[in-house]
Amino acid sequence: MSITSQASQRITALLDDNSFVEIGAMVTARATDFNLKQTETPSDGCITGYGVIEGNLVYVYSQDASVLGGSIGEMHAKKIAGLYDLAMKTGAPVIGLIDSAGLRLQEATDALNAFGEIYKKQTLASGVIPQITAVFGTCGGGLALFPALTDFTFMEEKKARLFVNAPNALAGNEISKCDTSSAAFQSEEAGIVDFVGDEAAVLGQIRDLVCMLPSNNEDDNSFVECTDDLNRAEASLANCVGDTSIALSTIADDNAFVEVKAAYAKEMVTGFMKLNGITVGAVANRCEVYNDEGEKTASFDAALSPAGCDKAAEFVSFCDAFNIPVLTLTNVNGFTADKCSEKKIAKAAARLTYAFADATVPKVNVIIGKAYGSAYVAMNSKAIGADMTYCWPDAEIGTMDAKLAAKIICDGQGADAVNECAKEYAYLQTSAVSAAKRGYVDAIIEPADTRKYVIGAFEMLFTKREDRPAKKHGTV
């Protein structure tokens, strides 16, 4: 491996010191058309091999833009496909570092077939081993499917470009109007990219994520010794109903929460944490965003949006595939109500409902605020399969706000009658106590004690087994 190429430097920075072992260093292009025979193609523009991250085995390929622009041809793809074969045999993640001009035109149909071979390997590996892609340079055309077929995508914030069609090729657009290939667009608007940062930050974030994930779908050793107090009480948790990213950080071991797709659909939080040393996936509704200085930077309705539903459904599906327990913090009063959302919300909410109901991993739900209507049902309610459901004392659970319900029930009656009806409805139909009496909530807990309760629940559910009807797969 050349010590001067940027591709090799990225691998060195990503992996533990002196752990990388290169595979296929002598491979070069076989094609000879258009004078390729006269062109040096060391490693055919792709460095492949394996190493460790905090002792965890990983396979890595890094495209070398100094060799034919890092373009993908027959042998380039063969190396990546071979790496996937090894990863599948040994049960370890694959990390792709992308910096490529795309399809190698000189190899034409051979290069096209090469793309297809990699797509197939990624598909077969999906749900078996974690797949991570980081884009540092150009990732365009058919190459854009690489990150879309993997589980998590990272993107360098300034130089990286990710697109199927270039910004200037879009009807009515040019790059100065909207750079659809930028990290900002792909993370905030498209929702493909999970993490954005400079090159060093991206490589560091990949290391953090790898340490959170199991090596494969049969790995039951993805836990670490917990040095945090399992019974740690957090009085401040009651103030985190709005920004549940902060709530999850507060609950987590050593306050470490790795949020994924943080810039996309911010009204829904997804990410990983450790609870008693075991990795847990977290999904939470959010209606406020606070920065590190404690200033509110954004606010949302406590509602499910199409983008938020899709984000959460995809995340829950990943957790279920890799046997990662799921924790939800629920605070939702309905669905987003506008013309744009109405086009997609029914299908998106159905996907979210399906993802929770279909998942057989341990599932714990904590209702921290409002839980109204079908939106509440979709958010990992007991009705669709939550194993344990807790709620905070002030939580509201029911079909709708008590005042709205009272106006319907007491239509045509005076204000006093409506108010009296609202009080009665709140107590009988929307209070935490009424839900607990009906068995929809297992326990009412103080916010400060949330950490110890969810840890206890996941410990109890550690050996959970659940049989489902025999089928090839679902269709939602």
# chains A, B, ... in the order shown; residues from 1 in each chain; ligands from 1
>>> residues_around(residues="region 138-143 of chain A", least_positions_apart="5", cutoff="9 Å", atoms="only C-alpha atoms", output="PDB file with N, CA and C atoms, in the first residue's frame")
ATOM      1  N   ILE A  72     -14.441   2.855 -11.566  1.00  0.00           N
ATOM      2  CA  ILE A  72     -14.683   1.438 -11.318  1.00  0.00           C
ATOM      3  C   ILE A  72     -14.706   0.663 -12.620  1.00  0.00           C
ATOM      4  N   ILE A  98     -15.326   6.236  -0.393  1.00  0.00           N
ATOM      5  CA  ILE A  98     -15.627   6.527  -1.792  1.00  0.00           C
ATOM      6  C   ILE A  98     -14.970   7.829  -2.264  1.00  0.00           C
ATOM      7  N   ASP A  99     -14.278   7.746  -3.382  1.00  0.00           N
ATOM      8  CA  ASP A  99     -13.701   8.909  -4.055  1.00  0.00           C
ATOM      9  C   ASP A  99     -13.441   8.490  -5.494  1.00  0.00           C
ATOM     10  N   SER A 100     -14.465   8.613  -6.337  1.00  0.00           N
ATOM     11  CA  SER A 100     -14.415   7.958  -7.649  1.00  0.00           C
ATOM     12  C   SER A 100     -15.112   8.770  -8.728  1.00  0.00           C
ATOM     13  N   ALA A 101     -14.550   8.707  -9.920  1.00  0.00           N
ATOM     14  CA  ALA A 101     -15.170   9.344 -11.076  1.00  0.00           C
ATOM     15  C   ALA A 101     -16.367   8.545 -11.580  1.00  0.00           C
ATOM     16  N   GLY A 102     -16.563   7.343 -11.033  1.00  0.00           N
ATOM     17  CA  GLY A 102     -17.709   6.528 -11.407  1.00  0.00           C
ATOM     18  C   GLY A 102     -17.348   5.413 -12.362  1.00  0.00           C
ATOM     19  N   LEU A 103     -18.221   5.162 -13.306  1.00  0.00           N
ATOM     20  CA  LEU A 103     -18.032   4.087 -14.283  1.00  0.00           C
ATOM     21  C   LEU A 103     -16.805   4.351 -15.146  1.00  0.00           C
ATOM     22  N   PHE A 115     -20.493  -2.968 -11.705  1.00  0.00           N
ATOM     23  CA  PHE A 115     -21.419  -2.280 -10.801  1.00  0.00           C
ATOM     24  C   PHE A 115     -22.463  -3.262 -10.274  1.00  0.00           C
ATOM     25  N   LYS A 159     -15.873  18.932   0.200  1.00  0.00           N
ATOM     26  CA  LYS A 159     -15.415  18.436  -1.101  1.00  0.00           C
ATOM     27  C   LYS A 159     -16.259  17.293  -1.654  1.00  0.00           C
ATOM     28  N   ALA A 160     -16.953  16.577  -0.807  1.00  0.00           N
ATOM     29  CA  ALA A 160     -17.689  15.398  -1.253  1.00  0.00           C
ATOM     30  C   ALA A 160     -18.905  15.778  -2.089  1.00  0.00           C
ATOM     31  N   ARG A 161     -19.217  14.940  -3.066  1.00  0.00           N
ATOM     32  CA  ARG A 161     -20.380  15.125  -3.933  1.00  0.00           C
ATOM     33  C   ARG A 161     -21.094  13.801  -4.113  1.00  0.00           C
ATOM     34  N   LEU A 162     -22.395  13.799  -3.851  1.00  0.00           N
ATOM     35  CA  LEU A 162     -23.214  12.591  -3.966  1.00  0.00           C
ATOM     36  C   LEU A 162     -24.439  12.903  -4.817  1.00  0.00           C
ATOM     37  N   PHE A 163     -24.607  12.197  -5.919  1.00  0.00           N
ATOM     38  CA  PHE A 163     -25.727  12.486  -6.820  1.00  0.00           C
ATOM     39  C   PHE A 163     -25.944  11.337  -7.793  1.00  0.00           C
ATOM     40  N   VAL A 164     -27.163  11.200  -8.278  1.00  0.00           N
ATOM     41  CA  VAL A 164     -27.453  10.330  -9.418  1.00  0.00           C
ATOM     42  C   VAL A 164     -27.357  11.167 -10.685  1.00  0.00           C
ATOM     43  N   ASN A 165     -28.070  12.276 -10.708  1.00  0.00           N
ATOM     44  CA  ASN A 165     -27.942  13.259 -11.788  1.00  0.00           C
ATOM     45  C   ASN A 165     -27.274  14.511 -11.223  1.00  0.00           C
ATOM     46  N   ALA A 166     -26.284  15.026 -11.919  1.00  0.00           N
ATOM     47  CA  ALA A 166     -25.578  16.214 -11.446  1.00  0.00           C
ATOM     48  C   ALA A 166     -26.540  17.393 -11.323  1.00  0.00           C
ATOM     49  N   SER A 181     -26.008  17.951  -4.903  1.00  0.00           N
ATOM     50  CA  SER A 181     -24.953  16.957  -4.662  1.00  0.00           C
ATOM     51  C   SER A 181     -24.220  17.203  -3.352  1.00  0.00           C
TER      52      SER A 181
END
>>> select_by_dssp(residues="region 211-297 of chain A", states="alpha helix (DSSP H)", output="number ranges by chain")
A: 211-212, 244-251
>>> closest_residue(among="A:Ala405, A:Lys347, A:Ser431, A:Ala386", to="Val476 (chain A)", atoms="only C-alpha atoms")
A:Lys347
>>> select_by_dssp(residues="region 219-294 of chain A", states="strand (DSSP E or B)", output="PyMOL selection string")
chain A and resi 223+257-260+268-275+278-285+288-290
>>> residues_around(residues="Leu248 (chain A)", least_positions_apart="3", cutoff="10 Å", atoms="only C-alpha atoms", output="ChimeraX atom specification")
/A:237,240,243-245,251-253,255-259,269-273,282-284,327-329,451
>>> write_last_selection(atoms="C-alpha atoms", output="JSON list (two decimals), in the first residue's frame")
[["chain", "number", "residue", "atom", "x", "y", "z"],
["A", 237, "LEU", "CA", -34.89, 14.39, 32.76],
["A", 240, "CYS", "CA", -36.18, 17.01, 28.39],
["A", 243, "ASP", "CA", -35.58, 17.64, 23.06],
["A", 244, "THR", "CA", -35.40, 13.88, 23.43],
["A", 245, "SER", "CA", -31.88, 13.76, 22.01],
["A", 251, "ILE", "CA", -30.31, 8.02, 30.15],
["A", 252, "ALA", "CA", -27.35, 6.40, 28.35],
["A", 253, "ASP", "CA", -24.29, 4.88, 29.97],
["A", 255, "ASN", "CA", -24.21, 9.98, 28.66],
["A", 256, "ALA", "CA", -23.00, 8.71, 25.27],
["A", 257, "PHE", "CA", -25.63, 8.76, 22.52],
["A", 258, "VAL", "CA", -24.70, 8.36, 18.84],
["A", 259, "GLU", "CA", -27.47, 10.01, 16.80],
["A", 269, "VAL", "CA", -34.63, 11.15, 16.86],
["A", 270, "THR", "CA", -32.84, 7.89, 16.05],
["A", 271, "GLY", "CA", -29.54, 6.60, 17.35],
["A", 272, "PHE", "CA", -27.57, 4.17, 19.47],
["A", 273, "MET", "CA", -26.68, 4.10, 23.15],
["A", 282, "ALA", "CA", -33.45, 4.52, 20.40],
["A", 283, "VAL", "CA", -36.37, 6.19, 18.60],
["A", 284, "ALA", "CA", -38.01, 9.30, 20.04],
["A", 327, "LEU", "CA", -36.26, 1.87, 23.24],
["A", 328, "THR", "CA", -38.85, 4.50, 22.33],
["A", 329, "LEU", "CA", -39.71, 7.79, 24.00],
["A", 451, "ARG", "CA", -32.76, 4.85, 33.39]]
>>> closest_residue(among="A:Leu83, A:Leu68, A:Glu188, A:Pro393", to="Glu22 (chain A)", atoms="only C-alpha atoms")
A:Leu83
>>> residues_around(residues="Ile278 (chain A)", least_positions_apart="4", cutoff="10 Å", atoms="only C-alpha atoms", output="PyMOL selection string")
chain A and resi 212-213+220-226+253+273-274+324-325+455+458-459
>>> residues_around(residues="Lys339 (chain A)", least_positions_apart="4", cutoff="12 Å", atoms="only C-alpha atoms", output="ChimeraX atom specification")
/A:305-306,343-345
>>> residues_around(residues="Ala337 (chain A)", least_positions_apart="3", cutoff="10 Å", atoms="only C-alpha atoms", output="PyMOL selection string")
chain A and resi 303-305+334+340-342+345
>>> residues_around(residues="Tyr425 (chain A)", least_positions_apart="3", cutoff="12 Å", atoms="only C-alpha atoms", output="list in words")
Glu396, Ile397, Gly398, Thr399, Met400, Asp401, Ala402, Lys403, Leu404, Ala405, Ala406, Lys407, Ile408, Ile409, Cys410, Ala417, Val418, Asn419, Glu420, Cys421, Ala422, Leu428, Gln429, Thr430, Ser431 and Ser434 of chain A
>>> write_last_selection(atoms="C-alpha atoms", output="mmCIF file, in the first residue's frame")
data_model
loop_
_atom_site.group_PDB
_atom_site.id
_atom_site.type_symbol
_atom_site.label_atom_id
_atom_site.label_comp_id
_atom_site.auth_asym_id
_atom_site.auth_seq_id
_atom_site.Cartn_x
_atom_site.Cartn_y
_atom_site.Cartn_z
ATOM 1 C CA GLU A 396 -51.671 11.840 28.473
ATOM 2 C CA ILE A 397 -52.866 8.763 26.596
ATOM 3 C CA GLY A 398 -56.044 8.629 24.560
ATOM 4 C CA THR A 399 -57.818 9.452 21.341
ATOM 5 C CA MET A 400 -57.454 13.234 21.583
ATOM 6 C CA ASP A 401 -57.029 16.188 23.920
ATOM 7 C CA ALA A 402 -59.678 16.171 26.659
ATOM 8 C CA LYS A 403 -60.915 19.689 25.829
ATOM 9 C CA LEU A 404 -61.440 18.800 22.178
ATOM 10 C CA ALA A 405 -63.227 15.613 23.139
ATOM 11 C CA ALA A 406 -65.450 17.533 25.569
ATOM 12 C CA LYS A 407 -66.470 20.016 22.879
ATOM 13 C CA ILE A 408 -67.619 17.133 20.704
ATOM 14 C CA ILE A 409 -69.379 15.254 23.497
ATOM 15 C CA CYS A 410 -71.067 18.399 24.875
ATOM 16 C CA ALA A 417 -70.616 21.931 30.992
ATOM 17 C CA VAL A 418 -67.753 21.614 28.499
ATOM 18 C CA ASN A 419 -65.140 22.375 31.163
ATOM 19 C CA GLU A 420 -66.638 19.903 33.602
ATOM 20 C CA CYS A 421 -66.793 17.267 30.884
ATOM 21 C CA ALA A 422 -63.145 17.949 29.953
ATOM 22 C CA LEU A 428 -61.320 8.748 32.927
ATOM 23 C CA GLN A 429 -59.892 8.530 29.416
ATOM 24 C CA THR A 430 -56.535 10.314 28.944
ATOM 25 C CA SER A 431 -54.669 10.074 32.240
ATOM 26 C CA SER A 434 -56.646 5.306 33.404
#
>>> atom_distance(atom1="CA of Ala262 (chain A)", atom2="CA of Ala355 (chain A)")
20.0 Å
>>> atom_distance(atom1="CA of Pro147 (chain A)", atom2="CA of Ser8 (chain A)")
20.2 Å
>>> closest_residue(among="A:Ala13, A:Ala378, A:Val52, A:Leu461", to="Glu199 (chain A)", atoms="only C-alpha atoms")
A:Ala13
